[in-house]
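Below is one structure; the comments refer to it alone.
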Amino acid sequence: MISCLSIASLQPYLAVIGVLSAFIFINVTNTWSVAASLPRSHSLSEPHFAQSDPNQLYQDAWEAYQNKDFEQAVVLWQQALAQYQANENLEGEKTTREALGAVYLKLRQYDQVITYLRPLLDAPVEIDNWQSQSAVWSNLALALRMTGNYVEALAVQQQVLTLRQANRDALGEAEAMINLGQIYQVLGNYSTAIAFYQQSLDLLKDGQNQQTEAIVLGSIGAAYADQGNYTQALVYYEDSQAIAEAINDLRSQAYALSNLGAAYFINQQNYATALQYWSQALDLAEQIPDSWLTAKNSSDLGLVYEQLQQFDESLNFHNRSQTLFQQLGSRPDAAMALNNQAHTLLEWGKALRGGGASPEATAKFQQAAAHLNEAIALLDSIRGGLNTDAERVSVFDTQAMTYNLLQQVLVEQGQSEVALEAAEQGRSRAFNTLLAEKQQLRSDDISLGQIQAIARAQNATLVEYSLVPENEFVHQGKQRGTTAELYIWVVQPEGTITFRHAPVNTQLHRLEDLVKTSRAAIGLRSRGFVVDEPEAPDTSENLKTLHRLLIDPIQDLLPADPNERVIFIPQGDLFLVPFAALVDGAGNYLIERHTLLTAPSVQVLGLTQQQDRLGVDRPLTPADLLIVGDPVMPEVWDTQAGQMKPLLPLGGARQEAIAIADFFNTSALTGAAATEQIVKQLIGSARLVHLATHGLLEYGNPQDSGVSDIPGAIALAPGHGEDGLLTAAEILDGLDSMLTWWCSAPAIRVLAALRATA
């Protein structure tokens, strides 16, 4: 069985409702202090300067700013900036850039904030002006976050934290931690986000800044809600709202009300209460005024009216939201609004169609598809600006709902084959891009004809799954709704495509739970150290249930010859399904009837075909083999003990590796010889890799592993400067050859006997 290294994209969602990370404006530059620091060439007794004098232009702009005439302030500060630049007055230019960044932040024109403030990022720290400098950097980090430039936002905000810590600014340090937490939350790293929020709360214990305390409480609630823990989220939301009301802070009240509405809408499906909270939040947002919050609550109200089947009213709110987000230049939010418009149009089309075809319904579906394609273009523009592989993967996971929704719209129109293209474009996209970049291959969006060509080239039956959540589910972070339906495409070796869809009776069982218990049935453990876990119950019946759900609907399309290959393209939790162990009604294992392979996507198979340097027809030699088993185990964080502990040896792993090595007339790396250092050196030139060791899928989550990293690690022997954990980050960032060789099925045979721990 070939098991290609995969980075599974998480299951997309139906609609989008973002829980707010409380108060957005953590640090806006103190424009008065900036003005006071301007170099002056006159005294109060001197005559008024001519309008062309940059100092006077600056002062006039400041007065406009105080009067909330932000557009006039922009005009005057731009004129002042031009004068300072013409006079080569670097201090005046710097100060005016800071002011323009602040006013554009007020106007929510984030691209302009970045334009004016980014040139100031590399300026040396001014000992007497560090507060102003840290505020400017905070403004830049916020604008970068709002435009989807998450990696740069993290780097800038970390500079802010370092500067404030160096100057013992407890409140500023707390605010910087909130901002860092919000960026990590957007990226889906909730554990790290909550850790920053809690540290911020610790710095605010004296109760001297209740506004900031309300902010961080709302942010913690949002992080819990993103993970589906609405009970805990409500506690923090209510605490945040109580503080905001006590200090009469309208903006914090609006954010808290918005979050409370989200909790009632999603968790309790209490639409009347959600409508009440969101309407109040919208009124406050308009009263402040706050264009971004107005857009956000308009979007939320659109979701409520959709559930109430008032589609016209729903679209009015969504259209207003999308227009405002577009004007503000917030690409992630604009994409969210487009997604929500499409969801409403999909539901409206279903209602219009009723029991038969309807031109009106078709028009709604077409409009929905157009909105989704526009959203996809926006999301692609965000990912294009990310610099690290880890952030590309994480951001795409948080945004994959659009591709899933597009599949649903296309299926409703009877365009199931086009829906397969959308399914392919929406899965493992970050991994496809990564593989193509590192191997200098083409990674254009895959077409239907290319999918058929890949099936012919592989001479295999391709089976691609998509998970469709319950219709009531609304997107929260990376969370997924309970799977209510399976989309299944089968592509025959000659190119014939067949589409099937199968409902999942969520009253009888949850697909996600079946996957977990089926893994327990074949002896997969959840941890690599000693824990007092009860014996797993006999759950072998779940292997039969999974066969009925995943295989029975397409059994007639699979090859009769057991030597013909079947390549599964799973999604989400299905990557954890032990397909080989699935059992049919007669008690036969799937592996007995078919030769099984897995891959992250059809496109990955196509990319690997572009490589012509593997020498697949050359017989294997001992130099082509890397067989590892039972290494000396490294230490990892034991959450129960609260300390580092070595993993348990893996029973049978040494015998397994030796038996396979004997079969190929070679030797295996075992014990102290199976070091991370040696494996890194040998894996790039190996054609067959077999690793009989622990695979730590929870590694990288601080709550589980004690470190913050990209999830996933392979346990090898430590030594020679290596900790014995070959992490996903190391694979992504440094081991180009590993990506190539591990994903070149069938040219390479990768026998990865990792005892996965999830």
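Ligands are numbered from 1 in the order shown, chains are lettered A, B, ... in the order of the structure tokens, and residues start at 1 in each chain.
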Can you tell me, as a short mmCIF file (atom, residue, chain, number, x, y, z; two decimals) with N, CA, C and O atoms, in the first residue's frame, what residues are no more than 7 Å from region 653-666 of chain A when counting only C-alpha atoms, ignoring any on the same chain fewer than 2 positions away?
data_model
loop_
_atom_site.label_atom_id
_atom_site.label_comp_id
_atom_site.auth_asym_id
_atom_site.auth_seq_id
_atom_site.Cartn_x
_atom_site.Cartn_y
_atom_site.Cartn_z
N PRO A 622 20.29 -1.81 -2.54
CA PRO A 622 20.35 -1.42 -1.12
C PRO A 622 20.53 0.07 -0.91
O PRO A 622 20.03 0.63 0.07
N ILE A 627 15.25 2.10 5.64
CA ILE A 627 14.34 1.35 6.50
C ILE A 627 14.73 1.64 7.94
O ILE A 627 15.86 1.40 8.36
N VAL A 628 13.77 2.17 8.68
CA VAL A 628 14.02 2.61 10.06
C VAL A 628 13.00 1.94 10.98
O VAL A 628 11.81 1.86 10.65
N GLY A 629 13.47 1.48 12.13
CA GLY A 629 12.55 0.88 13.08
C GLY A 629 13.06 0.96 14.51
O GLY A 629 14.26 0.82 14.76
N ASP A 630 12.14 1.21 15.43
CA ASP A 630 12.45 1.19 16.86
C ASP A 630 13.65 2.06 17.21
O ASP A 630 14.61 1.60 17.84
N LEU A 650 8.27 1.26 20.72
CA LEU A 650 7.14 0.79 19.92
C LEU A 650 7.26 -0.72 19.72
O LEU A 650 8.18 -1.20 19.05
N GLY A 651 6.36 -1.45 20.33
CA GLY A 651 6.42 -2.91 20.28
C GLY A 651 6.37 -3.45 18.86
O GLY A 651 5.50 -3.07 18.08
N ALA A 668 18.60 -2.54 8.36
CA ALA A 668 17.72 -1.48 8.86
C ALA A 668 18.46 -0.62 9.88
O ALA A 668 19.37 -1.09 10.57
N THR A 670 18.22 0.92 13.34
CA THR A 670 17.43 0.70 14.54
C THR A 670 18.17 1.28 15.74
O THR A 670 19.36 1.59 15.68
N ALA A 692 9.14 2.77 10.90
CA ALA A 692 8.35 2.11 11.94
C ALA A 692 8.64 2.81 13.26
O ALA A 692 9.54 2.43 14.01
N THR A 693 7.89 3.87 13.51
CA THR A 693 8.11 4.68 14.71
C THR A 693 6.86 5.47 15.01
O THR A 693 5.86 5.38 14.29
#
Selection near Ile497 (chain A), 10 Å with only C-alpha atoms, sequence-local residues under 3 positions removed, as a VMD selection string: chain A and resid 416 to 417 420 448 451 to 452 461 to 463 489 to 494
Could you write those residues out with all heavy atoms, as a compact mmCIF listing (two decimals), in the first residue's frame?
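So out-v4.txt came out as:
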# COMPACT_ATOMS: atom_id res chain seq x y z
N SER A 416 -22.01 18.37 -11.91
CA SER A 416 -21.19 17.61 -10.97
C SER A 416 -19.74 17.49 -11.43
O SER A 416 -18.83 17.42 -10.59
CB SER A 416 -21.79 16.22 -10.76
OG SER A 416 -21.86 15.51 -11.99
N GLU A 417 -19.51 17.45 -12.73
CA GLU A 417 -18.13 17.33 -13.20
C GLU A 417 -17.37 18.64 -12.98
O GLU A 417 -16.18 18.63 -12.61
CB GLU A 417 -18.10 16.92 -14.67
CG GLU A 417 -18.61 15.50 -14.90
CD GLU A 417 -18.39 15.02 -16.31
OE1 GLU A 417 -18.00 15.85 -17.17
OE2 GLU A 417 -18.61 13.82 -16.57
N LEU A 420 -16.28 18.77 -9.52
CA LEU A 420 -15.03 18.04 -9.25
C LEU A 420 -13.83 18.95 -9.43
O LEU A 420 -12.87 18.89 -8.65
CB LEU A 420 -14.94 16.82 -10.17
CG LEU A 420 -13.61 16.04 -10.11
CD1 LEU A 420 -13.34 15.54 -8.69
CD2 LEU A 420 -13.64 14.87 -11.10
N LEU A 448 -10.83 19.55 -15.84
CA LEU A 448 -11.45 18.23 -15.93
C LEU A 448 -10.65 17.33 -16.86
O LEU A 448 -10.41 16.14 -16.56
CB LEU A 448 -12.89 18.38 -16.44
CG LEU A 448 -13.84 17.23 -16.13
CD1 LEU A 448 -14.03 17.06 -14.64
CD2 LEU A 448 -15.17 17.48 -16.82
N ILE A 451 -7.60 16.03 -15.10
CA ILE A 451 -7.95 14.97 -14.14
C ILE A 451 -8.09 13.64 -14.86
O ILE A 451 -7.57 12.60 -14.40
CB ILE A 451 -9.24 15.33 -13.38
CG1 ILE A 451 -9.01 16.54 -12.48
CG2 ILE A 451 -9.75 14.14 -12.56
CD1 ILE A 451 -10.28 17.08 -11.84
N GLN A 452 -8.77 13.66 -15.99
CA GLN A 452 -8.95 12.42 -16.76
C GLN A 452 -7.61 11.92 -17.29
O GLN A 452 -7.34 10.71 -17.27
CB GLN A 452 -9.93 12.67 -17.91
CG GLN A 452 -11.35 12.97 -17.44
CD GLN A 452 -12.24 13.48 -18.55
OE1 GLN A 452 -11.86 14.39 -19.29
NE2 GLN A 452 -13.43 12.90 -18.67
N THR A 461 -8.09 3.74 -10.79
CA THR A 461 -9.40 4.32 -10.51
C THR A 461 -9.23 5.34 -9.38
O THR A 461 -8.76 5.00 -8.30
CB THR A 461 -10.40 3.24 -10.08
OG1 THR A 461 -10.54 2.29 -11.13
CG2 THR A 461 -11.76 3.85 -9.77
N LEU A 462 -9.58 6.59 -9.66
CA LEU A 462 -9.47 7.65 -8.66
C LEU A 462 -10.81 7.82 -7.95
O LEU A 462 -11.86 7.88 -8.60
CB LEU A 462 -9.07 8.97 -9.31
CG LEU A 462 -7.85 8.95 -10.24
CD1 LEU A 462 -7.57 10.37 -10.75
CD2 LEU A 462 -6.63 8.37 -9.56
N VAL A 463 -10.78 7.92 -6.62
CA VAL A 463 -11.99 8.12 -5.83
C VAL A 463 -11.78 9.35 -4.97
O VAL A 463 -10.95 9.35 -4.06
CB VAL A 463 -12.30 6.90 -4.93
CG1 VAL A 463 -13.58 7.16 -4.12
CG2 VAL A 463 -12.44 5.64 -5.76
N TRP A 489 -16.71 11.32 -6.26
CA TRP A 489 -16.45 11.24 -7.70
C TRP A 489 -15.54 10.04 -7.95
O TRP A 489 -14.53 9.86 -7.26
CB TRP A 489 -15.76 12.48 -8.22
CG TRP A 489 -16.59 13.73 -8.18
CD1 TRP A 489 -17.41 14.21 -9.16
CD2 TRP A 489 -16.66 14.69 -7.12
NE1 TRP A 489 -17.98 15.39 -8.77
CE2 TRP A 489 -17.54 15.71 -7.51
CE3 TRP A 489 -16.07 14.77 -5.85
CZ2 TRP A 489 -17.85 16.79 -6.72
CZ3 TRP A 489 -16.36 15.84 -5.03
CH2 TRP A 489 -17.25 16.84 -5.47
N VAL A 490 -15.88 9.23 -8.94
CA VAL A 490 -15.04 8.10 -9.34
C VAL A 490 -14.60 8.34 -10.78
O VAL A 490 -15.44 8.51 -11.68
CB VAL A 490 -15.79 6.77 -9.23
CG1 VAL A 490 -14.90 5.61 -9.69
CG2 VAL A 490 -16.25 6.54 -7.79
N VAL A 491 -13.29 8.38 -10.98
CA VAL A 491 -12.72 8.59 -12.31
C VAL A 491 -12.06 7.29 -12.73
O VAL A 491 -11.11 6.82 -12.10
CB VAL A 491 -11.68 9.74 -12.30
CG1 VAL A 491 -11.21 10.02 -13.73
CG2 VAL A 491 -12.27 11.00 -11.66
N GLN A 492 -12.60 6.68 -13.79
CA GLN A 492 -12.08 5.40 -14.28
C GLN A 492 -10.77 5.62 -15.03
O GLN A 492 -10.47 6.72 -15.49
CB GLN A 492 -13.10 4.73 -15.20
CG GLN A 492 -14.46 4.48 -14.56
CD GLN A 492 -14.41 3.42 -13.48
OE1 GLN A 492 -13.41 2.72 -13.32
NE2 GLN A 492 -15.49 3.31 -12.70
N PRO A 493 -9.96 4.56 -15.18
CA PRO A 493 -8.67 4.71 -15.87
C PRO A 493 -8.80 5.28 -17.29
O PRO A 493 -7.89 5.97 -17.75
CB PRO A 493 -8.12 3.28 -15.89
CG PRO A 493 -8.76 2.61 -14.71
CD PRO A 493 -10.12 3.21 -14.61
N GLU A 494 -9.92 4.98 -17.98
CA GLU A 494 -10.08 5.52 -19.33
C GLU A 494 -10.66 6.93 -19.34
O GLU A 494 -10.81 7.55 -20.40
CB GLU A 494 -10.97 4.60 -20.17
CG GLU A 494 -12.46 4.73 -19.94
CD GLU A 494 -12.95 4.01 -18.69
OE1 GLU A 494 -12.10 3.39 -18.00
OE2 GLU A 494 -14.16 4.06 -18.41
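From CA of Thr496 (chain A) back to CA of Ile454 (chain A), the distance works out to 12.0 Å.
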Neighbour list for Leu338 (chain A) as a PyMOL selection string, cut-off 8 Å, only C-alpha atoms, skip fewer than 2 positions in-chain: chain A and resi 318+322+334-336+340-342+371-372+374-375
Limited to all heavy atoms, could you put the picked residues into a file as an mmCIF file, in the first residue's frame?
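Generated output (selection-v3.cif):
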data_model
loop_
_atom_site.group_PDB
_atom_site.id
_atom_site.type_symbol
_atom_site.label_atom_id
_atom_site.label_comp_id
_atom_site.auth_asym_id
_atom_site.auth_seq_id
_atom_site.Cartn_x
_atom_site.Cartn_y
_atom_site.Cartn_z
ATOM 1 N N HIS A 318 -26.294 41.767 3.323
ATOM 2 C CA HIS A 318 -25.028 41.237 2.802
ATOM 3 C C HIS A 318 -24.408 42.180 1.772
ATOM 4 O O HIS A 318 -23.188 42.370 1.749
ATOM 5 C CB HIS A 318 -25.250 39.859 2.172
ATOM 6 C CG HIS A 318 -25.432 38.761 3.176
ATOM 7 N ND1 HIS A 318 -24.713 38.694 4.344
ATOM 8 C CD2 HIS A 318 -26.246 37.669 3.169
ATOM 9 C CE1 HIS A 318 -25.082 37.614 5.025
ATOM 10 N NE2 HIS A 318 -26.005 36.982 4.337
ATOM 11 N N GLN A 322 -20.726 43.821 2.040
ATOM 12 C CA GLN A 322 -19.670 43.613 1.049
ATOM 13 C C GLN A 322 -19.171 44.941 0.492
ATOM 14 O O GLN A 322 -17.965 45.140 0.297
ATOM 15 C CB GLN A 322 -20.188 42.712 -0.066
ATOM 16 C CG GLN A 322 -19.101 42.057 -0.898
ATOM 17 C CD GLN A 322 -18.628 42.944 -2.033
ATOM 18 O OE1 GLN A 322 -19.392 43.760 -2.538
ATOM 19 N NE2 GLN A 322 -17.370 42.777 -2.438
ATOM 20 N N ALA A 334 -14.081 41.116 2.869
ATOM 21 C CA ALA A 334 -14.842 41.202 1.620
ATOM 22 C C ALA A 334 -15.119 39.810 1.063
ATOM 23 O O ALA A 334 -16.212 39.531 0.553
ATOM 24 C CB ALA A 334 -14.075 42.043 0.601
ATOM 25 N N ALA A 335 -14.140 38.924 1.176
ATOM 26 C CA ALA A 335 -14.347 37.540 0.730
ATOM 27 C C ALA A 335 -15.406 36.851 1.577
ATOM 28 O O ALA A 335 -16.236 36.094 1.068
ATOM 29 C CB ALA A 335 -13.030 36.768 0.789
ATOM 30 N N MET A 336 -15.394 37.104 2.883
ATOM 31 C CA MET A 336 -16.412 36.545 3.769
ATOM 32 C C MET A 336 -17.800 37.008 3.366
ATOM 33 O O MET A 336 -18.756 36.214 3.307
ATOM 34 C CB MET A 336 -16.138 36.958 5.214
ATOM 35 C CG MET A 336 -17.170 36.472 6.222
ATOM 36 S SD MET A 336 -17.079 37.365 7.806
ATOM 37 C CE MET A 336 -17.817 38.947 7.335
ATOM 38 N N ASN A 340 -21.051 34.819 2.100
ATOM 39 C CA ASN A 340 -22.369 34.854 2.725
ATOM 40 C C ASN A 340 -23.461 35.216 1.718
ATOM 41 O O ASN A 340 -24.575 34.684 1.790
ATOM 42 C CB ASN A 340 -22.366 35.843 3.885
ATOM 43 C CG ASN A 340 -21.627 35.303 5.090
ATOM 44 O OD1 ASN A 340 -21.291 34.127 5.142
ATOM 45 N ND2 ASN A 340 -21.351 36.162 6.048
ATOM 46 N N GLN A 341 -23.152 36.117 0.800
ATOM 47 C CA GLN A 341 -24.111 36.408 -0.269
ATOM 48 C C GLN A 341 -24.436 35.141 -1.052
ATOM 49 O O GLN A 341 -25.601 34.852 -1.357
ATOM 50 C CB GLN A 341 -23.522 37.463 -1.212
ATOM 51 C CG GLN A 341 -23.476 38.874 -0.657
ATOM 52 C CD GLN A 341 -22.740 39.823 -1.599
ATOM 53 O OE1 GLN A 341 -21.669 39.506 -2.107
ATOM 54 N NE2 GLN A 341 -23.297 40.996 -1.817
ATOM 55 N N ALA A 342 -23.387 34.381 -1.375
ATOM 56 C CA ALA A 342 -23.578 33.160 -2.157
ATOM 57 C C ALA A 342 -24.411 32.146 -1.391
ATOM 58 O O ALA A 342 -25.262 31.449 -1.975
ATOM 59 C CB ALA A 342 -22.215 32.565 -2.523
ATOM 60 N N HIS A 371 -20.391 35.078 -7.219
ATOM 61 C CA HIS A 371 -19.875 35.640 -5.967
ATOM 62 C C HIS A 371 -18.735 34.789 -5.412
ATOM 63 O O HIS A 371 -17.727 35.314 -4.915
ATOM 64 C CB HIS A 371 -20.990 35.742 -4.937
ATOM 65 C CG HIS A 371 -21.959 36.862 -5.181
ATOM 66 N ND1 HIS A 371 -21.556 38.140 -5.485
ATOM 67 C CD2 HIS A 371 -23.318 36.900 -5.165
ATOM 68 C CE1 HIS A 371 -22.620 38.924 -5.639
ATOM 69 N NE2 HIS A 371 -23.707 38.178 -5.451
ATOM 70 N N LEU A 372 -18.876 33.478 -5.483
ATOM 71 C CA LEU A 372 -17.855 32.591 -4.935
ATOM 72 C C LEU A 372 -16.561 32.672 -5.728
ATOM 73 O O LEU A 372 -15.468 32.638 -5.147
ATOM 74 C CB LEU A 372 -18.380 31.158 -4.888
ATOM 75 C CG LEU A 372 -19.492 30.929 -3.856
ATOM 76 C CD1 LEU A 372 -20.152 29.574 -4.067
ATOM 77 C CD2 LEU A 372 -18.950 31.041 -2.436
ATOM 78 N N GLU A 374 -15.509 35.263 -7.265
ATOM 79 C CA GLU A 374 -14.905 36.538 -6.882
ATOM 80 C C GLU A 374 -14.213 36.413 -5.524
ATOM 81 O O GLU A 374 -13.111 36.944 -5.316
ATOM 82 C CB GLU A 374 -15.981 37.627 -6.826
ATOM 83 C CG GLU A 374 -15.428 39.022 -6.603
ATOM 84 C CD GLU A 374 -16.505 40.095 -6.631
ATOM 85 O OE1 GLU A 374 -17.649 39.788 -7.027
ATOM 86 O OE2 GLU A 374 -16.203 41.243 -6.229
ATOM 87 N N ALA A 375 -14.847 35.686 -4.596
ATOM 88 C CA ALA A 375 -14.242 35.469 -3.278
ATOM 89 C C ALA A 375 -12.953 34.666 -3.398
ATOM 90 O O ALA A 375 -11.960 34.955 -2.725
ATOM 91 C CB ALA A 375 -15.229 34.746 -2.355
#
Residue nearest Leu293 (chain A) among A:Ala256, A:Ala141, A:Val75, A:Ala272 (counting only C-alpha atoms): A:Ala256
Distance criterion (only C-alpha atoms): nearest to Leu282 (chain A) out of A:Val304, A:Ala143, A:Leu257, A:Leu590: A:Leu257
In region 44-278 of chain A, DSSP alpha helix (DSSP H) residues written as a ChimeraX atom specification: /A:54-66,70-86,90-106,110-117,130-146,150-166,170-186,190-203,210-226,230-246,250-266,271-278
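For the pair CA of Ala80 (chain A) and CA of Ala123 (chain A), the separation is 20.7 Å.
The space between CA of Glu485 (chain A) and CA of His501 (chain A) spans 6.9 Å.
Near Val409 (chain A), within a cut-off of 8 Å and counting only C-alpha atoms, sit the residues Leu346, Phe365, Ala368 and Ala369 of chain A, with same-chain residues fewer than 5 positions away left out.
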Non-local contacts of Pro718 (chain A) (6 Å; only C-alpha atoms; under 3 positions in same chain excluded) as a PyMOL selection string: chain A and resi 634+675+722-724
